[in-house]
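J.: Dropping in work_26.cif, with mmCIF, C-alpha atoms.
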```
data_structure
#
loop_
_atom_site.label_atom_id
_atom_site.label_comp_id
_atom_site.auth_asym_id
_atom_site.auth_seq_id
_atom_site.Cartn_x
_atom_site.Cartn_y
_atom_site.Cartn_z
CA MET A 6 203.13 -88.16 60.81
CA ASP A 7 199.39 -88.30 61.36
CA SER A 8 197.22 -86.48 58.90
CA ILE A 9 193.74 -85.24 58.22
CA ARG A 10 192.19 -84.19 54.92
CA LEU A 11 189.53 -81.50 54.90
CA PRO A 12 187.60 -79.33 52.45
CA ALA A 13 189.52 -76.11 51.81
CA ARG A 14 187.09 -73.71 53.46
CA LEU A 15 187.09 -71.53 56.56
CA GLU A 16 184.78 -73.86 58.47
CA SER A 17 187.48 -76.52 58.37
CA ILE A 18 189.65 -74.44 60.71
CA ALA A 19 187.79 -75.72 63.75
CA LYS A 20 188.27 -79.37 62.77
CA ALA A 21 191.90 -78.85 61.87
CA ARG A 22 192.55 -77.13 65.17
CA THR A 23 190.82 -79.91 67.12
CA PHE A 24 192.98 -82.42 65.25
CA ILE A 25 196.26 -80.78 66.27
CA GLN A 26 195.03 -79.93 69.77
CA LYS A 27 194.32 -83.61 70.41
CA LYS A 28 197.81 -84.48 69.20
CA MET A 29 199.40 -81.86 71.43
CA SER A 30 197.33 -82.41 74.57
CA GLY A 31 198.86 -84.36 77.44
CA ARG A 32 202.36 -83.86 76.01
CA ASN A 33 203.31 -81.21 78.52
CA LEU A 34 203.87 -78.65 75.78
CA ASP A 35 204.36 -75.00 76.57
CA ALA A 36 201.14 -73.02 76.07
CA ARG A 37 203.05 -70.48 74.00
CA LEU A 38 204.28 -73.19 71.64
CA VAL A 39 200.75 -74.54 71.24
CA GLY A 40 199.52 -71.02 70.49
CA ARG A 41 202.18 -70.51 67.81
CA VAL A 42 201.26 -73.77 66.10
CA GLU A 43 197.56 -72.96 66.20
CA LEU A 44 198.10 -69.49 64.78
CA ALA A 45 200.32 -70.65 61.91
CA LEU A 46 197.82 -73.38 61.08
CA GLU A 47 194.89 -70.96 61.02
CA GLU A 48 196.72 -68.44 58.84
CA ALA A 49 197.75 -71.13 56.35
CA LEU A 50 194.22 -72.53 56.17
CA VAL A 51 192.67 -69.09 55.73
CA ASN A 52 194.98 -68.39 52.80
CA ILE A 53 194.28 -71.74 51.17
CA SER A 54 190.52 -71.41 51.72
CA ARG A 55 190.47 -67.95 50.19
CA TYR A 56 192.97 -68.17 47.36
CA ALA A 57 194.14 -71.67 46.46
CA TYR A 58 191.04 -72.80 44.58
CA PRO A 59 189.38 -69.85 42.84
CA ASN A 60 186.99 -71.96 40.78
CA TYR A 61 186.07 -74.91 42.94
CA GLU A 62 186.34 -76.19 46.47
CA GLY A 63 189.48 -78.24 46.80
CA LYS A 64 191.09 -80.12 49.63
CA VAL A 65 193.70 -79.38 52.21
CA GLU A 66 195.74 -81.92 54.12
CA ILE A 67 197.37 -81.36 57.48
CA HIS A 68 200.21 -83.54 58.69
CA PHE A 69 201.30 -83.39 62.28
CA GLY A 70 204.37 -84.78 63.99
CA LEU A 71 206.03 -84.40 67.36
CA GLY A 72 209.78 -84.68 67.88
CA ASP A 73 211.70 -86.15 70.82
CA GLU A 74 212.43 -82.70 72.18
CA SER A 75 208.87 -81.46 71.85
CA GLN A 76 209.42 -79.96 68.42
CA VAL A 77 206.20 -79.75 66.47
CA TYR A 78 206.22 -80.51 62.75
CA LEU A 79 203.36 -79.31 60.63
CA GLU A 80 202.92 -79.88 56.94
CA ILE A 81 200.12 -78.32 55.00
CA HIS A 82 199.36 -79.64 51.54
CA ASP A 83 197.02 -78.29 48.91
CA TRP A 84 196.49 -78.89 45.22
CA GLY A 85 195.56 -75.32 44.34
CA ILE A 86 197.39 -72.61 42.45
CA PRO A 87 201.12 -72.42 43.26
CA PHE A 88 201.84 -70.09 46.15
CA ASN A 89 205.13 -69.72 47.94
CA PRO A 90 204.53 -67.85 51.19
CA LEU A 91 208.29 -67.53 51.70
CA LYS A 92 208.50 -65.23 48.72
CA HIS A 93 205.63 -63.07 49.82
CA GLU A 94 206.76 -59.52 50.54
CA ARG A 95 206.38 -58.42 54.08
CA PRO A 96 204.11 -55.39 54.45
CA GLU A 97 206.03 -52.50 55.95
CA PRO A 98 204.77 -51.59 59.37
CA GLY A 99 204.58 -47.86 59.69
CA GLN A 100 202.51 -44.76 59.62
CA ASN A 101 200.42 -45.77 56.63
CA LEU A 102 199.38 -49.06 58.22
CA PHE A 103 196.11 -47.48 59.18
CA PHE A 104 195.14 -46.73 55.61
CA ARG A 105 196.69 -49.48 53.62
CA ARG A 106 195.04 -52.62 52.32
CA VAL A 107 193.44 -54.62 55.07
CA GLY A 108 195.12 -57.98 55.20
CA GLY A 109 198.47 -59.41 54.22
CA TRP A 110 199.38 -60.30 57.78
CA GLY A 111 198.60 -64.00 57.52
CA VAL A 112 201.88 -64.92 55.87
CA VAL A 113 203.80 -62.67 58.25
CA MET A 114 202.25 -64.50 61.19
CA ILE A 115 203.19 -67.90 59.75
CA ARG A 116 206.78 -66.76 59.29
CA GLU A 117 207.00 -65.26 62.76
CA MET A 118 205.41 -68.21 64.54
CA ALA A 119 207.43 -71.01 62.95
CA ASP A 120 211.15 -71.50 63.60
CA TYR A 121 211.85 -73.26 60.31
CA LEU A 122 209.86 -73.04 57.10
CA ASN A 123 210.10 -74.74 53.80
CA TYR A 124 208.01 -74.57 50.68
CA ALA A 125 207.94 -77.03 47.82
CA ARG A 126 205.79 -77.40 44.77
CA THR A 127 205.79 -81.03 43.73
CA GLN A 128 203.41 -83.01 41.56
CA GLY A 129 200.90 -80.20 41.43
CA LYS A 130 200.93 -79.80 45.17
CA ASN A 131 201.91 -76.92 47.46
CA ILE A 132 203.72 -78.28 50.50
CA LEU A 133 204.38 -75.91 53.36
CA SER A 134 206.54 -77.47 56.07
CA LEU A 135 206.83 -75.78 59.43
CA GLU A 136 208.83 -76.63 62.48
CA PHE A 137 208.21 -75.17 65.91
CA ILE A 138 210.84 -75.41 68.60
CA PRO A 139 210.06 -74.77 72.25
CA ARG A 140 211.57 -71.38 73.08
CA GLU A 141 212.66 -70.14 76.43
CA THR A 142 209.60 -68.07 77.14
CA LYS A 143 209.85 -67.95 80.90
CA LEU A 144 209.72 -64.38 82.11
CA PRO A 145 211.20 -63.41 85.45
CA GLU A 146 208.76 -63.74 88.31
CA PRO A 147 207.06 -60.43 89.05
CA ARG A 148 208.67 -58.90 92.09
CA GLU A 149 206.65 -58.04 95.16
CA PRO A 150 206.58 -54.28 95.66
CA GLU A 151 208.82 -53.11 98.47
CA PRO A 152 206.82 -52.50 101.63
CA ILE A 153 206.49 -48.83 102.49
CA ARG A 154 208.01 -48.11 105.86
CA MET B 73 184.32 -65.80 71.94
CA GLN B 74 182.08 -63.80 74.22
CA ILE B 75 181.55 -60.05 74.26
CA PHE B 76 180.34 -58.18 77.31
CA ALA B 77 179.45 -54.55 76.71
CA ARG B 78 178.98 -51.80 79.25
CA LYS B 79 178.84 -48.04 79.26
CA GLU B 80 181.17 -45.98 81.37
CA ASN B 81 179.95 -42.40 80.91
CA ASP B 82 180.44 -41.77 77.18
CA ASP B 83 182.79 -44.68 76.65
CA LEU B 84 181.73 -48.12 75.52
CA VAL B 85 183.74 -50.88 77.11
CA LEU B 86 183.76 -54.18 75.24
CA GLU B 87 185.16 -56.93 77.37
CA ILE B 88 186.10 -59.77 75.07
CA LYS B 89 186.77 -63.31 76.19
CA GLY B 90 188.09 -66.30 74.29
CA ARG B 91 189.53 -66.40 70.79
CA ILE B 92 189.38 -63.80 68.05
CA ASP B 93 189.98 -65.83 64.93
CA ALA B 94 188.70 -66.23 61.38
CA LEU B 95 185.57 -67.95 62.68
CA THR B 96 184.67 -65.55 65.48
CA SER B 97 185.85 -62.18 64.17
CA PRO B 98 182.71 -61.64 61.99
CA LYS B 99 180.69 -61.67 65.23
CA LEU B 100 182.96 -59.02 66.73
CA GLU B 101 182.68 -56.89 63.62
CA GLU B 102 178.90 -57.21 63.68
CA GLU B 103 178.71 -56.27 67.36
CA CYS B 104 180.94 -53.22 66.86
CA GLN B 105 179.01 -52.07 63.81
CA SER B 106 175.70 -52.28 65.61
CA ARG B 107 177.15 -50.22 68.47
CA ILE B 108 178.40 -47.62 65.99
CA ASP B 109 174.92 -47.57 64.46
CA GLN B 110 173.56 -46.86 67.93
CA GLY B 111 175.81 -43.81 68.08
CA GLU B 112 178.80 -45.11 70.06
CA LYS B 113 182.02 -43.32 69.20
CA THR B 114 184.52 -44.18 71.92
CA PHE B 115 185.39 -47.84 72.20
CA ILE B 116 187.58 -49.44 74.81
CA LEU B 117 188.43 -53.02 73.94
CA ASP B 118 189.41 -54.96 77.01
CA LEU B 119 191.39 -57.95 75.74
CA GLY B 120 192.32 -59.24 79.20
CA GLY B 121 190.26 -62.38 78.59
CA VAL B 122 191.55 -62.98 75.07
CA GLU B 123 194.20 -65.68 74.77
CA TYR B 124 194.38 -65.86 70.98
CA ILE B 125 194.09 -63.47 68.07
CA SER B 126 194.86 -64.12 64.42
CA SER B 127 195.23 -61.80 61.44
CA ALA B 128 191.45 -62.08 60.90
CA GLY B 129 191.05 -60.40 64.29
CA LEU B 130 193.56 -57.69 63.36
CA ARG B 131 191.61 -57.05 60.20
CA THR B 132 188.38 -56.59 62.19
CA ILE B 133 190.11 -54.17 64.55
CA LEU B 134 191.51 -52.15 61.66
CA ILE B 135 188.08 -51.93 60.01
CA LEU B 136 186.54 -50.78 63.29
CA ALA B 137 189.30 -48.21 63.83
CA ARG B 138 188.82 -46.77 60.36
CA ARG B 139 185.09 -46.45 60.81
CA LEU B 140 185.56 -44.72 64.14
CA ASN B 141 188.21 -42.48 62.63
CA SER B 142 185.78 -41.31 59.96
CA LEU B 143 183.27 -40.51 62.70
CA GLU B 144 185.93 -38.70 64.73
CA GLY B 145 185.62 -41.42 67.30
CA GLN B 146 188.31 -43.26 69.26
CA ILE B 147 189.46 -46.75 70.05
CA ARG B 148 191.64 -47.78 72.95
CA PHE B 149 192.91 -51.14 74.10
CA CYS B 150 193.75 -52.66 77.44
CA GLY B 151 194.57 -56.02 78.97
CA LEU B 152 196.94 -57.17 76.24
CA HIS B 153 199.05 -60.10 77.32
CA GLY B 154 200.87 -63.18 76.06
CA MET B 155 200.23 -64.07 72.48
CA VAL B 156 197.86 -61.15 71.86
CA GLU B 157 200.57 -58.74 72.87
CA GLU B 158 203.02 -60.54 70.61
CA VAL B 159 200.67 -60.40 67.62
CA PHE B 160 200.06 -56.68 68.21
CA SER B 161 203.80 -56.16 68.27
CA ILE B 162 204.57 -58.21 65.13
CA SER B 163 201.90 -56.36 63.15
CA GLY B 164 202.85 -52.91 64.38
CA PHE B 165 199.42 -52.46 65.96
CA ASN B 166 201.08 -51.62 69.27
CA SER B 167 202.46 -48.40 67.81
CA LEU B 168 199.32 -47.62 65.83
CA PHE B 169 196.86 -47.70 68.70
CA SER B 170 196.54 -46.40 72.24
CA ILE B 171 197.17 -49.26 74.62
CA PHE B 172 196.72 -49.08 78.37
CA PRO B 173 197.44 -51.53 81.16
CA SER B 174 193.89 -51.58 82.52
CA VAL B 175 190.31 -50.45 81.84
CA THR B 176 190.62 -47.92 84.65
CA VAL B 177 193.61 -46.25 83.04
CA ALA B 178 192.01 -46.41 79.58
CA LEU B 179 188.87 -44.72 80.93
CA GLY B 180 190.89 -41.90 82.41
CA GLN B 181 192.04 -40.89 78.93
CA SER B 182 188.73 -39.35 77.85
#
```
Turn the structure described in the file into structure tokens.
T.:
Amino acid sequence: MDSIRLPARLESIAKARTFIQKKMSGRNLDARLVGRVELALEEALVNISRYAYPNYEGKVEIHFGLGDESQVYLEIHDWGIPFNPLKHERPEPGQNLFFRRVGGWGVVMIREMADYLNYARTQGKNILSLEFIPRETKLPEPREPEPIR
Amino acid sequence: MQIFARKENDDLVLEIKGRIDALTSPKLEEECQSRIDQGEKTFILDLGGVEYISSAGLRTILILARRLNSLEGQIRFCGLHGMVEEVFSISGFNSLFSIFPSVTVALGQS
């Protein structure tokens, strides 16, 4: 896996994204798959930038790998406070969505975008492992309207 | 991200292009707030040119919607497709807001 280490702040999102985009470009990957990876990465980085290091600016490391069948592997490491996004409660969509706390969707997005997720806390490090599998996303071709006779 | 604004009678159409993410959504929030300050109350967000939205973008939309709600204003959406449509669906935004297939249809709802 290739990796990049960046300061854990919002501005690093652009660099992190460029890093994975370069790895994914020219690999004939489905645009939808690329979008899912980018979204999960952003949401993870936003969470780490905002919450992992309350008292100082820490680091975040992104590891990227590509499988033989175009699976994308992403690992996000940080040395901040322990946080297991898999145990985070999903906010209930519903009528009160409009008025409830703004936010909380980042973790939901990560979970929806990735096909497999794993979290480990080892040696003072949060390790979030994500795997993205190309899905059949092809929609039927739009049909031509019947000519009016 | 680029924002193109135009008036259609009393409605303000914001045509957004590019990505609405954690880095660009503050700009969208700023633009919307300044339009509210100018007295705009009916917003139509045309997302036909948006290929990516993250939860930071959802947050901005929710803040805008709440502000408009308190002013008895309205917000409508059109042009949702691909990933943007998926994110709206996952978050429940598709059932929370009025979504139309095109600007023309959205304008007809006034």
J.: With all atoms listed in the file as the counted atoms, please give the residues lying no more than 9 Å from B:Ile162, apart from itself and same-chain residues fewer than 2 positions off, as a PDB file with C-alpha atoms, in the frame of the given file.
T.:
```pdb
ATOM      1  CA  PRO A  98     204.770 -51.590  59.370  1.00  0.00           C
ATOM      2  CA  VAL A 113     203.800 -62.670  58.250  1.00  0.00           C
ATOM      3  CA  MET A 114     202.250 -64.500  61.190  1.00  0.00           C
ATOM      4  CA  GLU A 117     207.000 -65.260  62.760  1.00  0.00           C
TER       5      GLU A 117
ATOM      6  CA  GLU B 157     200.570 -58.740  72.870  1.00  0.00           C
ATOM      7  CA  GLU B 158     203.020 -60.540  70.610  1.00  0.00           C
ATOM      8  CA  VAL B 159     200.670 -60.400  67.620  1.00  0.00           C
ATOM      9  CA  PHE B 160     200.060 -56.680  68.210  1.00  0.00           C
ATOM     10  CA  GLY B 164     202.850 -52.910  64.380  1.00  0.00           C
ATOM     11  CA  PHE B 165     199.420 -52.460  65.960  1.00  0.00           C
ATOM     12  CA  ASN B 166     201.080 -51.620  69.270  1.00  0.00           C
TER      13      ASN B 166
END
```
J.: Once the PyMOL selection byres ((chain B and resi 117-126) around 6) has been evaluated on this model, what residues remain selected, and can you format them as a list in words?
T.: Leu86, Glu87, Ile88, Lys89, Gly90, Arg91, Ile92, Asp93, Ile116, Ser127, Ala128, Gly129, Phe149, Cys150, Gly151, Leu152 and Val156 of chain B
J.: With the PyMOL selection byres ((chain B and resi 99-102) around 12) as the selection, what would be picked from this file? Answer as a PyMOL selection string, please.
T.: chain B and resi 73-77+86-98+103-109+117+128-137+139
J.: Calculated over only C-alpha atoms, which of the candidates B:Met155, B:Ile171, B:Leu143, B:Leu179 has the smallest distance to chain A?
T.: B:Met155
J.: Could you expand the PyMOL selection byres ((chain A and resi 139) around 9) into the explicit residues it covers here, written as number ranges by chain?
T.: A: 34-35, 37-38, 74-77, 137-138, 140-142
J.: Just to be explicit: take each residue in the selection above, keep C-alpha atoms, and write the result as a PDB file, keeping the file's coordinate frame.
T.:
```
ATOM      1  CA  LEU A  34     203.870 -78.650  75.780  1.00  0.00           C
ATOM      2  CA  ASP A  35     204.360 -75.000  76.570  1.00  0.00           C
ATOM      3  CA  ARG A  37     203.050 -70.480  74.000  1.00  0.00           C
ATOM      4  CA  LEU A  38     204.280 -73.190  71.640  1.00  0.00           C
ATOM      5  CA  GLU A  74     212.430 -82.700  72.180  1.00  0.00           C
ATOM      6  CA  SER A  75     208.870 -81.460  71.850  1.00  0.00           C
ATOM      7  CA  GLN A  76     209.420 -79.960  68.420  1.00  0.00           C
ATOM      8  CA  VAL A  77     206.200 -79.750  66.470  1.00  0.00           C
ATOM      9  CA  PHE A 137     208.210 -75.170  65.910  1.00  0.00           C
ATOM     10  CA  ILE A 138     210.840 -75.410  68.600  1.00  0.00           C
ATOM     11  CA  ARG A 140     211.570 -71.380  73.080  1.00  0.00           C
ATOM     12  CA  GLU A 141     212.660 -70.140  76.430  1.00  0.00           C
ATOM     13  CA  THR A 142     209.600 -68.070  77.140  1.00  0.00           C
TER      14      THR A 142
END
```
J.: With a distance cut-off of 10 Å and all atoms listed in the file, select the neighbouring residues of B:Glu144, excluding the residue or stretch itself and same-chain residues fewer than 3 positions from it, and output the selection as a PyMOL selection string.
T.: chain B and resi 113-114+138-141
J.: Write a file of the selected residues as a PDB file, in the coordinates of the input, keeping C-alpha atoms.
T.:
```
ATOM      1  CA  LYS B 113     182.020 -43.320  69.200  1.00  0.00           C
ATOM      2  CA  THR B 114     184.520 -44.180  71.920  1.00  0.00           C
ATOM      3  CA  ARG B 138     188.820 -46.770  60.360  1.00  0.00           C
ATOM      4  CA  ARG B 139     185.090 -46.450  60.810  1.00  0.00           C
ATOM      5  CA  LEU B 140     185.560 -44.720  64.140  1.00  0.00           C
ATOM      6  CA  ASN B 141     188.210 -42.480  62.630  1.00  0.00           C
TER       7      ASN B 141
END
```
J.: Would you please work out which residue, of B:Leu168, B:Ile147, B:Val85, B:Val177, is nearest to chain A when using only C-alpha atoms?
T.: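 Once distances to chain A are computed over only C-alpha atoms, the minimum belongs to B:Leu168.
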J.: State, in Å with one decimal place, the distance from atom CA of A:Phe69 to atom CA of A:Val39.
T.: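 Interatomic distance, atom CA of A:Phe69 to atom CA of A:Val39: 12.6 Å.
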J.: For stretch 125-134 of chain A, please output as a VMD selection string all residues within 9 Å (counting only C-alpha atoms; exclusion window: fewer than 6 positions along the same chain).
T.: chain A and resid 49 78 to 90
J.: In terms of the shortest atom-to-atom distance over all atoms listed in the file, which of A:Ala36, A:Leu122, A:Val42, A:Leu15 is closest to A:Gly70?
T.: A:Val42
J.: Kindly indicate which residue among A:Val51, A:Ala21, A:Ile9, A:Ile67 lies nearest to chain B, using all atoms listed in the file for the distances.
T.: A:Val51
J.: Please report the interatomic distance between atom CA of A:Tyr58 and atom CA of A:Gly111 in Å with one decimal.
T.: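 For atom CA of A:Tyr58 relative to atom CA of A:Gly111, the distance reads 17.4 Å.
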J.: Calculate how many Å separate atom CA of A:Ile25 from atom CA of A:Asn60, rounding to one decimal.
T.: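 The value is 28.5 Å.
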J.: Which residue gives the smallest distance to A:Pro12 among A:Gly63, A:Gly72, A:Gly31, A:Gly109, with only C-alpha atoms counted?
T.: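 Checking each of A:Gly63, A:Gly72, A:Gly31, A:Gly109 against A:Pro12, counting only C-alpha atoms, the winner is A:Gly63.
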